[in-house]
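Trainee: Structure below; questions to follow.
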Amino acid sequence: MENPDYQNIPNLKVTIYQAYLFWENTDKNLQNIGLRLNMGIKEKTDLIILPEMFNTGFSMNAAQLAEPMDGKTVSWMRETAAKYDCVVTGSLIIEENKHYYNRMVWMRPDGTYAHYDKRHLFAMGDEHQHYTAGKEKVIVALKGWQIRLAICYDLRFPAWNQNVDGEYDILLLVANWPDRRSMHWRSLIQARAIENQSYVIGVNRVGHDGNQVYHSGHSMCIDAYGNTVYYKPEDEDMYTLTLNYEEMIKIRRQFPFLADADRFEIID
């Protein structure tokens with residue numbers, strides 16, 4: 001639903017960190033990310049985005065690596081959000097009620113948070129054998145922007161990501177997407193942006209993981225018309241970009257496709 005006060009919604013500053021991750025080494029990843037943020041954050045930002053399983057890499061060793069919601073990584077996120085006075089988000093392995101989740105935490109600078117549990121578990125990598133799938137769509141608010149949270153494999157499922165009545169302004173994906181399917185990543189991110197008339201931000205990792213799967217990054221931001229706002233292959237990178245709400249609304253008004261979208265429910 002279009003915000004009637006859209007002209008008063010400020011630009012959003014978003015910092016993407018396309019990180020190299022140390023395999024199954026939480027302490028080293030948190031230390032490295034902290035150092036990189038300290039060197040790389042040069043201006044006030046509203047949001048810092050880290051990759052999927054940013055503290056371990058995409059591991060199936062859930063029982064060994066899982067943390068509770070009051071564990072060291074969520075505590076680190078809380079401290080980092082307070083330090084930079086912004087939201088910090090990324091996913092990690094969480095244990096809750098004897099289940100393991102690939103959980104994206106949306107940590108606000110005041111220490112409150114929301115979370116999204118990955119809906120589509122990557123069966124080709126046996127993720128469904130180790131983790132419990134989430135069931136709820138999650139939209140969070142930041143400075144008047146509505147942001148839909150998603151993780152990696154979710155990208156492949158347009159029905160799950162459908163922007164019903166323009167309910168979100170940004171589709172935000174964190175990922176450990178392998179290089180050998182990077183063409184799919186790039187194509188699907190652009191498709192999701194065009195069909196949903198929203199910004200789509202995809203933040204991936206770089207480097208080999210412990211299974212010798214190579215990740216080539218290709219983190220990107222695509223606007224509501226399908227234009228590239230940011231794109232970075234191969235190298236570790238930290239970049240702050242600015243998103244303009246009014247420009248997105250202009251595109252939706254010029255091409256009011258969302259009003260003609262089909263209505264349906266997803267049934268488990």
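Chain lettering (A, B, ...) mirrors the order of the structure tokens, residue numbering begins at 1 for each chain separately, and ligand numbering begins at 1 in order of display.
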Once DSSP has gone over the backbone, tell me which residues of region 8-167 of chain A are in alpha helix (DSSP H), as number ranges by chain.
Mentor: A: 26-40, 62-65, 72-84, 127-130
Trainee: Mind dumping the selected residues with N, CA, C and O atoms as a compact mmCIF listing (two decimals), in the first residue's frame?
Mentor:
# COMPACT_ATOMS: atom_id res chain seq x y z
N THR A 26 33.34 -18.67 14.70
CA THR A 26 32.54 -17.51 15.10
C THR A 26 33.40 -16.38 15.64
O THR A 26 33.24 -15.21 15.26
N ASP A 27 34.33 -16.69 16.52
CA ASP A 27 35.15 -15.63 17.13
C ASP A 27 35.94 -14.87 16.09
O ASP A 27 36.00 -13.63 16.12
N LYS A 28 36.53 -15.60 15.14
CA LYS A 28 37.35 -14.94 14.12
C LYS A 28 36.49 -14.09 13.18
O LYS A 28 36.87 -12.98 12.79
N ASN A 29 35.30 -14.59 12.84
CA ASN A 29 34.41 -13.82 11.97
C ASN A 29 33.93 -12.54 12.66
O ASN A 29 33.93 -11.47 12.05
N LEU A 30 33.53 -12.65 13.90
CA LEU A 30 33.05 -11.46 14.59
C LEU A 30 34.17 -10.43 14.76
O LEU A 30 33.95 -9.23 14.61
N GLN A 31 35.37 -10.92 15.07
CA GLN A 31 36.51 -10.01 15.20
C GLN A 31 36.81 -9.34 13.87
O GLN A 31 37.02 -8.11 13.80
N ASN A 32 36.84 -10.12 12.79
CA ASN A 32 37.17 -9.57 11.48
C ASN A 32 36.11 -8.58 11.00
O ASN A 32 36.44 -7.48 10.52
N ILE A 33 34.84 -8.93 11.16
CA ILE A 33 33.78 -8.03 10.73
C ILE A 33 33.81 -6.74 11.53
O ILE A 33 33.66 -5.64 10.98
N GLY A 34 34.05 -6.87 12.83
CA GLY A 34 34.15 -5.67 13.66
C GLY A 34 35.27 -4.75 13.21
O GLY A 34 35.08 -3.52 13.14
N LEU A 35 36.43 -5.32 12.89
CA LEU A 35 37.55 -4.51 12.41
C LEU A 35 37.23 -3.86 11.08
O LEU A 35 37.55 -2.68 10.85
N ARG A 36 36.62 -4.61 10.18
CA ARG A 36 36.29 -4.08 8.85
C ARG A 36 35.26 -2.96 8.95
O ARG A 36 35.36 -1.95 8.25
N LEU A 37 34.28 -3.12 9.81
CA LEU A 37 33.31 -2.05 10.00
C LEU A 37 33.97 -0.81 10.58
O LEU A 37 33.68 0.33 10.17
N ASN A 38 34.87 -1.01 11.51
CA ASN A 38 35.56 0.12 12.14
C ASN A 38 36.37 0.92 11.11
O ASN A 38 36.43 2.15 11.17
N MET A 39 36.95 0.21 10.15
CA MET A 39 37.72 0.87 9.09
C MET A 39 36.84 1.40 7.98
O MET A 39 37.16 2.42 7.34
N GLY A 40 35.71 0.71 7.72
CA GLY A 40 34.94 1.00 6.51
C GLY A 40 33.77 1.93 6.67
O GLY A 40 33.32 2.54 5.69
N ALA A 62 24.86 -27.80 12.64
CA ALA A 62 24.00 -26.97 13.47
C ALA A 62 24.17 -27.24 14.95
O ALA A 62 24.24 -26.31 15.76
N ALA A 63 24.25 -28.52 15.32
CA ALA A 63 24.33 -28.87 16.75
C ALA A 63 25.59 -28.30 17.40
O ALA A 63 25.58 -27.93 18.57
N GLN A 64 26.69 -28.22 16.63
CA GLN A 64 27.95 -27.72 17.18
C GLN A 64 28.03 -26.20 17.17
O GLN A 64 28.71 -25.59 18.01
N LEU A 65 27.35 -25.56 16.23
CA LEU A 65 27.54 -24.12 16.01
C LEU A 65 26.38 -23.25 16.46
O LEU A 65 26.53 -22.03 16.55
N LYS A 72 26.56 -15.17 22.03
CA LYS A 72 27.60 -14.17 21.74
C LYS A 72 27.35 -13.40 20.44
O LYS A 72 27.65 -12.20 20.37
N THR A 73 26.79 -14.08 19.42
CA THR A 73 26.63 -13.38 18.14
C THR A 73 25.51 -12.35 18.19
O THR A 73 25.66 -11.22 17.71
N VAL A 74 24.38 -12.71 18.77
CA VAL A 74 23.30 -11.73 18.90
C VAL A 74 23.72 -10.60 19.83
O VAL A 74 23.40 -9.43 19.58
N SER A 75 24.48 -10.92 20.86
CA SER A 75 25.01 -9.86 21.74
C SER A 75 25.95 -8.94 20.97
O SER A 75 25.91 -7.71 21.15
N TRP A 76 26.79 -9.52 20.11
CA TRP A 76 27.69 -8.72 19.26
C TRP A 76 26.87 -7.82 18.34
O TRP A 76 27.21 -6.64 18.15
N MET A 77 25.80 -8.35 17.77
CA MET A 77 24.94 -7.53 16.90
C MET A 77 24.34 -6.37 17.68
O MET A 77 24.27 -5.24 17.17
N ARG A 78 23.91 -6.63 18.90
CA ARG A 78 23.33 -5.57 19.73
C ARG A 78 24.36 -4.47 20.01
O ARG A 78 24.07 -3.28 19.88
N GLU A 79 25.57 -4.87 20.35
CA GLU A 79 26.63 -3.90 20.63
C GLU A 79 27.00 -3.11 19.37
O GLU A 79 27.24 -1.90 19.43
N THR A 80 27.05 -3.80 18.24
CA THR A 80 27.42 -3.14 16.98
C THR A 80 26.34 -2.17 16.53
O THR A 80 26.64 -1.06 16.06
N ALA A 81 25.08 -2.56 16.66
CA ALA A 81 23.98 -1.66 16.30
C ALA A 81 24.01 -0.40 17.16
O ALA A 81 23.79 0.72 16.66
N ALA A 82 24.30 -0.57 18.44
CA ALA A 82 24.38 0.60 19.33
C ALA A 82 25.58 1.47 18.97
O ALA A 82 25.48 2.71 18.96
N LYS A 83 26.70 0.84 18.65
CA LYS A 83 27.92 1.59 18.33
C LYS A 83 27.72 2.50 17.12
O LYS A 83 28.15 3.67 17.13
N TYR A 84 27.08 1.97 16.08
CA TYR A 84 26.92 2.74 14.85
C TYR A 84 25.55 3.41 14.75
O TYR A 84 25.25 4.04 13.73
N GLU A 127 20.11 -28.89 3.73
CA GLU A 127 19.73 -27.95 4.78
C GLU A 127 18.44 -28.39 5.48
O GLU A 127 18.30 -28.21 6.70
N HIS A 128 17.53 -28.99 4.73
CA HIS A 128 16.26 -29.44 5.31
C HIS A 128 16.44 -30.59 6.30
O HIS A 128 15.54 -30.86 7.09
N GLN A 129 17.60 -31.27 6.25
CA GLN A 129 17.86 -32.36 7.19
C GLN A 129 18.36 -31.85 8.54
O GLN A 129 18.37 -32.61 9.52
N HIS A 130 18.77 -30.60 8.60
CA HIS A 130 19.39 -30.06 9.81
C HIS A 130 18.63 -28.89 10.44
O HIS A 130 18.82 -28.61 11.63
Trainee: Enumerate as number ranges by chain all residues of region 52-157 of chain A assigned to strand (DSSP E) by DSSP on the backbone, naming them with the chain letters and numbers the document uses.
Mentor: A: 87-96, 99-107, 113-117, 139-142, 145-151
Trainee: What's around Glu167 (chain A) at 12 Å? Count only C-alpha atoms, leave out sequence neighbours fewer than 4 positions away in its own chain, and write the answer as a JSON list (two decimals) with all heavy atoms, in the first residue's frame.
Mentor:
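After the write, part-v8.json holds the following:
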[["chain", "number", "residue", "atom", "x", "y", "z"],
["A", 1, "MET", "N", 0.85, -1.19, 0.00],
["A", 1, "MET", "CA", 0.00, 0.00, 0.00],
["A", 1, "MET", "C", 0.89, 1.25, 0.00],
["A", 1, "MET", "O", 1.78, 1.36, 0.81],
["A", 1, "MET", "CB", -0.91, 0.00, 1.22],
["A", 1, "MET", "CG", -1.94, 1.11, 1.21],
["A", 1, "MET", "SD", -3.23, 0.87, -0.04],
["A", 1, "MET", "CE", -4.02, -0.62, 0.58],
["A", 2, "GLU", "N", 0.63, 2.16, -0.97],
["A", 2, "GLU", "CA", 1.44, 3.36, -1.08],
["A", 2, "GLU", "C", 1.27, 4.24, 0.14],
["A", 2, "GLU", "O", 0.16, 4.49, 0.60],
["A", 2, "GLU", "CB", 1.04, 4.13, -2.33],
["A", 2, "GLU", "CG", 1.86, 5.40, -2.56],
["A", 2, "GLU", "CD", 1.45, 6.12, -3.82],
["A", 2, "GLU", "OE1", 1.41, 5.48, -4.89],
["A", 2, "GLU", "OE2", 1.18, 7.34, -3.74],
["A", 3, "ASN", "N", 2.38, 4.70, 0.67],
["A", 3, "ASN", "CA", 2.36, 5.59, 1.82],
["A", 3, "ASN", "C", 1.90, 6.97, 1.35],
["A", 3, "ASN", "O", 2.54, 7.59, 0.50],
["A", 3, "ASN", "CB", 3.75, 5.67, 2.44],
["A", 3, "ASN", "CG", 3.76, 6.40, 3.77],
["A", 3, "ASN", "OD1", 3.05, 7.38, 3.96],
["A", 3, "ASN", "ND2", 4.56, 5.91, 4.69],
["A", 137, "LYS", "N", 6.06, -14.76, 6.91],
["A", 137, "LYS", "CA", 6.66, -13.64, 6.21],
["A", 137, "LYS", "C", 6.93, -12.53, 7.23],
["A", 137, "LYS", "O", 6.13, -12.33, 8.14],
["A", 137, "LYS", "CB", 5.73, -13.11, 5.13],
["A", 137, "LYS", "CG", 5.41, -14.11, 4.03],
["A", 137, "LYS", "CD", 4.45, -13.50, 3.02],
["A", 137, "LYS", "CE", 4.12, -14.48, 1.91],
["A", 137, "LYS", "NZ", 3.18, -13.91, 0.92],
["A", 138, "VAL", "N", 8.03, -11.83, 7.06],
["A", 138, "VAL", "CA", 8.38, -10.79, 8.02],
["A", 138, "VAL", "C", 8.71, -9.50, 7.26],
["A", 138, "VAL", "O", 9.57, -9.49, 6.38],
["A", 138, "VAL", "CB", 9.57, -11.20, 8.90],
["A", 138, "VAL", "CG1", 9.98, -10.05, 9.82],
["A", 138, "VAL", "CG2", 9.22, -12.45, 9.72],
["A", 139, "ILE", "N", 8.01, -8.44, 7.62],
["A", 139, "ILE", "CA", 8.28, -7.10, 7.09],
["A", 139, "ILE", "C", 8.60, -6.20, 8.28],
["A", 139, "ILE", "O", 7.87, -6.16, 9.27],
["A", 139, "ILE", "CB", 7.08, -6.54, 6.31],
["A", 139, "ILE", "CG1", 6.82, -7.39, 5.06],
["A", 139, "ILE", "CG2", 7.31, -5.08, 5.91],
["A", 139, "ILE", "CD1", 5.59, -6.98, 4.27],
["A", 140, "VAL", "N", 9.72, -5.51, 8.18],
["A", 140, "VAL", "CA", 10.15, -4.60, 9.24],
["A", 140, "VAL", "C", 10.14, -3.17, 8.71],
["A", 140, "VAL", "O", 10.21, -2.94, 7.51],
["A", 140, "VAL", "CB", 11.55, -4.97, 9.77],
["A", 140, "VAL", "CG1", 11.52, -6.31, 10.50],
["A", 140, "VAL", "CG2", 12.58, -5.02, 8.63],
["A", 141, "ALA", "N", 10.07, -2.22, 9.63],
["A", 141, "ALA", "CA", 10.02, -0.81, 9.25],
["A", 141, "ALA", "C", 11.31, -0.12, 9.64],
["A", 141, "ALA", "O", 11.90, -0.40, 10.69],
["A", 141, "ALA", "CB", 8.84, -0.12, 9.93],
["A", 145, "TRP", "N", 10.31, 3.23, 5.66],
["A", 145, "TRP", "CA", 10.44, 2.20, 4.64],
["A", 145, "TRP", "C", 9.96, 0.87, 5.19],
["A", 145, "TRP", "O", 10.22, 0.53, 6.35],
["A", 145, "TRP", "CB", 11.90, 2.06, 4.22],
["A", 145, "TRP", "CG", 12.48, 3.24, 3.51],
["A", 145, "TRP", "CD1", 12.80, 4.46, 4.03],
["A", 145, "TRP", "CD2", 12.85, 3.30, 2.13],
["A", 145, "TRP", "NE1", 13.35, 5.27, 3.08],
["A", 145, "TRP", "CE2", 13.39, 4.58, 1.90],
["A", 145, "TRP", "CE3", 12.80, 2.38, 1.07],
["A", 145, "TRP", "CZ2", 13.86, 4.98, 0.64],
["A", 145, "TRP", "CZ3", 13.27, 2.77, -0.18],
["A", 145, "TRP", "CH2", 13.79, 4.05, -0.39],
["A", 146, "GLN", "N", 9.30, 0.08, 4.34],
["A", 146, "GLN", "CA", 8.88, -1.27, 4.69],
["A", 146, "GLN", "C", 9.82, -2.26, 3.99],
["A", 146, "GLN", "O", 9.97, -2.21, 2.77],
["A", 146, "GLN", "CB", 7.44, -1.52, 4.26],
["A", 146, "GLN", "CG", 6.43, -0.57, 4.92],
["A", 146, "GLN", "CD", 6.41, -0.72, 6.42],
["A", 146, "GLN", "OE1", 6.27, -1.82, 6.96],
["A", 146, "GLN", "NE2", 6.56, 0.41, 7.12],
["A", 147, "ILE", "N", 10.42, -3.14, 4.78],
["A", 147, "ILE", "CA", 11.50, -3.99, 4.28],
["A", 147, "ILE", "C", 11.16, -5.45, 4.53],
["A", 147, "ILE", "O", 10.94, -5.86, 5.68],
["A", 147, "ILE", "CB", 12.84, -3.63, 4.95],
["A", 147, "ILE", "CG1", 13.16, -2.15, 4.70],
["A", 147, "ILE", "CG2", 13.96, -4.53, 4.43],
["A", 147, "ILE", "CD1", 14.33, -1.63, 5.50],
["A", 148, "ARG", "N", 11.10, -6.23, 3.47],
["A", 148, "ARG", "CA", 10.80, -7.66, 3.55],
["A", 148, "ARG", "C", 12.10, -8.44, 3.69],
["A", 148, "ARG", "O", 13.04, -8.27, 2.91],
["A", 148, "ARG", "CB", 10.05, -8.09, 2.29],
["A", 148, "ARG", "CG", 9.79, -9.57, 2.17],
["A", 148, "ARG", "CD", 8.68, -10.06, 3.08],
["A", 148, "ARG", "NE", 8.55, -11.49, 2.90],
["A", 148, "ARG", "CZ", 7.83, -12.06, 1.94],
["A", 148, "ARG", "NH1", 7.17, -11.30, 1.08],
["A", 148, "ARG", "NH2", 7.76, -13.38, 1.84],
["A", 161, "ASN", "N", 7.69, -14.25, -2.45],
["A", 161, "ASN", "CA", 8.19, -12.87, -2.41],
["A", 161, "ASN", "C", 7.23, -11.86, -3.03],
["A", 161, "ASN", "O", 7.58, -10.68, -3.14],
["A", 161, "ASN", "CB", 9.53, -12.80, -3.15],
["A", 161, "ASN", "CG", 10.60, -13.63, -2.48],
["A", 161, "ASN", "OD1", 10.86, -13.50, -1.29],
["A", 161, "ASN", "ND2", 11.24, -14.52, -3.24],
["A", 162, "GLN", "N", 6.05, -12.28, -3.41],
["A", 162, "GLN", "CA", 5.13, -11.37, -4.09],
["A", 162, "GLN", "C", 4.82, -10.15, -3.23],
["A", 162, "GLN", "O", 4.50, -10.27, -2.04],
["A", 162, "GLN", "CB", 3.82, -12.07, -4.47],
["A", 162, "GLN", "CG", 2.92, -11.17, -5.31],
["A", 162, "GLN", "CD", 1.60, -11.84, -5.65],
["A", 162, "GLN", "OE1", 1.11, -12.68, -4.91],
["A", 162, "GLN", "NE2", 1.01, -11.45, -6.76],
["A", 163, "ASN", "N", 4.91, -9.00, -3.85],
["A", 163, "ASN", "CA", 4.70, -7.72, -3.16],
["A", 163, "ASN", "C", 3.22, -7.34, -3.23],
["A", 163, "ASN", "O", 2.81, -6.47, -4.01],
["A", 163, "ASN", "CB", 5.58, -6.65, -3.80],
["A", 163, "ASN", "CG", 5.70, -5.40, -2.96],
["A", 163, "ASN", "OD1", 5.25, -5.36, -1.82],
["A", 163, "ASN", "ND2", 6.31, -4.37, -3.51],
["A", 171, "LEU", "N", 13.04, -5.61, -0.89],
["A", 171, "LEU", "CA", 13.21, -7.02, -0.61],
["A", 171, "LEU", "C", 14.69, -7.21, -0.31],
["A", 171, "LEU", "O", 15.54, -6.93, -1.15],
["A", 171, "LEU", "CB", 12.80, -7.87, -1.81],
["A", 171, "LEU", "CG", 13.06, -9.38, -1.71],
["A", 171, "LEU", "CD1", 12.29, -9.99, -0.55],
["A", 171, "LEU", "CD2", 12.71, -10.08, -3.02],
["A", 196, "ASN", "N", 8.11, -6.93, -8.66],
["A", 196, "ASN", "CA", 7.57, -6.41, -7.40],
["A", 196, "ASN", "C", 7.67, -4.90, -7.27],
["A", 196, "ASN", "O", 7.22, -4.35, -6.26],
["A", 196, "ASN", "CB", 8.27, -7.09, -6.23],
["A", 196, "ASN", "CG", 7.91, -8.55, -6.13],
["A", 196, "ASN", "OD1", 6.74, -8.90, -6.01],
["A", 196, "ASN", "ND2", 8.90, -9.42, -6.20],
["A", 197, "GLN", "N", 8.27, -4.25, -8.26],
["A", 197, "GLN", "CA", 8.42, -2.79, -8.27],
["A", 197, "GLN", "C", 8.95, -2.29, -6.94],
["A", 197, "GLN", "O", 8.42, -1.36, -6.32],
["A", 197, "GLN", "CB", 7.10, -2.12, -8.64],
["A", 197, "GLN", "CG", 6.67, -2.44, -10.07],
["A", 197, "GLN", "CD", 5.53, -1.57, -10.54],
["A", 197, "GLN", "OE1", 4.49, -1.51, -9.91],
["A", 197, "GLN", "NE2", 5.74, -0.88, -11.65],
["A", 198, "SER", "N", 10.03, -2.93, -6.52],
["A", 198, "SER", "CA", 10.69, -2.54, -5.27],
["A", 198, "SER", "C", 12.19, -2.58, -5.49],
["A", 198, "SER", "O", 12.69, -3.17, -6.45],
["A", 198, "SER", "CB", 10.31, -3.50, -4.14],
["A", 198, "SER", "OG", 11.00, -4.73, -4.28],
["A", 258, "LEU", "N", 1.30, -3.47, -10.09],
["A", 258, "LEU", "CA", 0.96, -4.18, -8.87],
["A", 258, "LEU", "C", -0.55, -4.27, -8.66],
["A", 258, "LEU", "O", -1.04, -5.23, -8.05],
["A", 258, "LEU", "CB", 1.62, -3.51, -7.66],
["A", 258, "LEU", "CG", 3.16, -3.56, -7.61],
["A", 258, "LEU", "CD1", 3.66, -2.82, -6.37],
["A", 258, "LEU", "CD2", 3.66, -4.99, -7.62],
["A", 259, "ALA", "N", -1.29, -3.29, -9.17],
["A", 259, "ALA", "CA", -2.75, -3.29, -9.00],
["A", 259, "ALA", "C", -3.41, -4.45, -9.75],
["A", 259, "ALA", "O", -4.53, -4.85, -9.42],
["A", 259, "ALA", "CB", -3.33, -1.97, -9.48]]
Trainee: Restricting the calculation to only C-alpha atoms, which member of A:Arg119, A:Lys98, A:Lys232, A:Arg186 is positioned closest to Val200 (chain A)?
Mentor: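 The answer is A:Arg186, which sits nearest to Val200 (chain A).
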Trainee: With a distance cut-off of 8 Å and only C-alpha atoms, select the neighbouring residues of Ile9 (chain A), excluding the residue or stretch itself and same-chain residues fewer than 4 positions from it, and output the selection as a PyMOL selection string.
Mentor: chain A and resi 5+143-145+245-246
Trainee: Write the residues you've just listed into a file as a compact mmCIF listing (two decimals), in the first residue's frame, and include N, CA, C and O atoms for each of them.
Mentor:
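That gives us selection_39.txt:
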# COMPACT_ATOMS: atom_id res chain seq x y z
N ASP A 5 2.09 9.73 2.66
CA ASP A 5 3.03 10.77 3.07
C ASP A 5 4.41 10.50 2.48
O ASP A 5 5.42 10.85 3.08
N LYS A 143 12.61 4.01 9.22
CA LYS A 143 12.49 5.39 8.74
C LYS A 143 11.37 5.55 7.71
O LYS A 143 11.51 6.29 6.74
N GLY A 144 10.27 4.82 7.91
CA GLY A 144 9.14 4.90 7.00
C GLY A 144 9.17 3.90 5.86
O GLY A 144 8.18 3.72 5.16
N TRP A 145 10.31 3.23 5.66
CA TRP A 145 10.44 2.20 4.64
C TRP A 145 9.96 0.87 5.19
O TRP A 145 10.22 0.53 6.35
N TYR A 245 13.05 7.02 -1.88
CA TYR A 245 11.68 6.52 -1.82
C TYR A 245 10.79 7.15 -2.91
O TYR A 245 9.99 6.46 -3.56
N GLU A 246 10.94 8.43 -3.10
CA GLU A 246 10.08 9.12 -4.06
C GLU A 246 10.28 8.60 -5.48
O GLU A 246 9.31 8.47 -6.25
Trainee: Between A:Glu234, A:Thr45, A:Asp268, A:Arg156, single out the one closest to Pro109 (chain A), counting only C-alpha atoms.
Mentor: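 Looking only at the distances to Pro109 (chain A), the closest residue turns out to be A:Thr45.
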Trainee: Using only C-alpha atoms, which residue out of A:Tyr131, A:Trp177, A:Tyr230, A:Tyr225 lies closest to Val206 (chain A)?
Mentor: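 Under the stated criterion, the closest residue is A:Trp177.
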Trainee: Taking only C-alpha atoms into account, name the residue in A:Thr132, A:Asn61, A:Asn204, A:Thr89 that is nearest to Tyr113 (chain A).
Mentor: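 Among the listed residues, A:Thr89 lies closest to Tyr113 (chain A).
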Trainee: Counting only C-alpha atoms, which of A:Phe54, A:Tyr199, A:Phe255, A:Trp185 gets nearest to Pro233 (chain A)?
Mentor: A:Trp185
Trainee: Could you check which of A:Ala133, A:Ala123, A:Ile48, A:Ala150 is closest to Met107 (chain A), using only C-alpha atoms?
Mentor: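 Checking each of A:Ala133, A:Ala123, A:Ile48, A:Ala150 against Met107 (chain A), counting only C-alpha atoms, the winner is A:Ile48.
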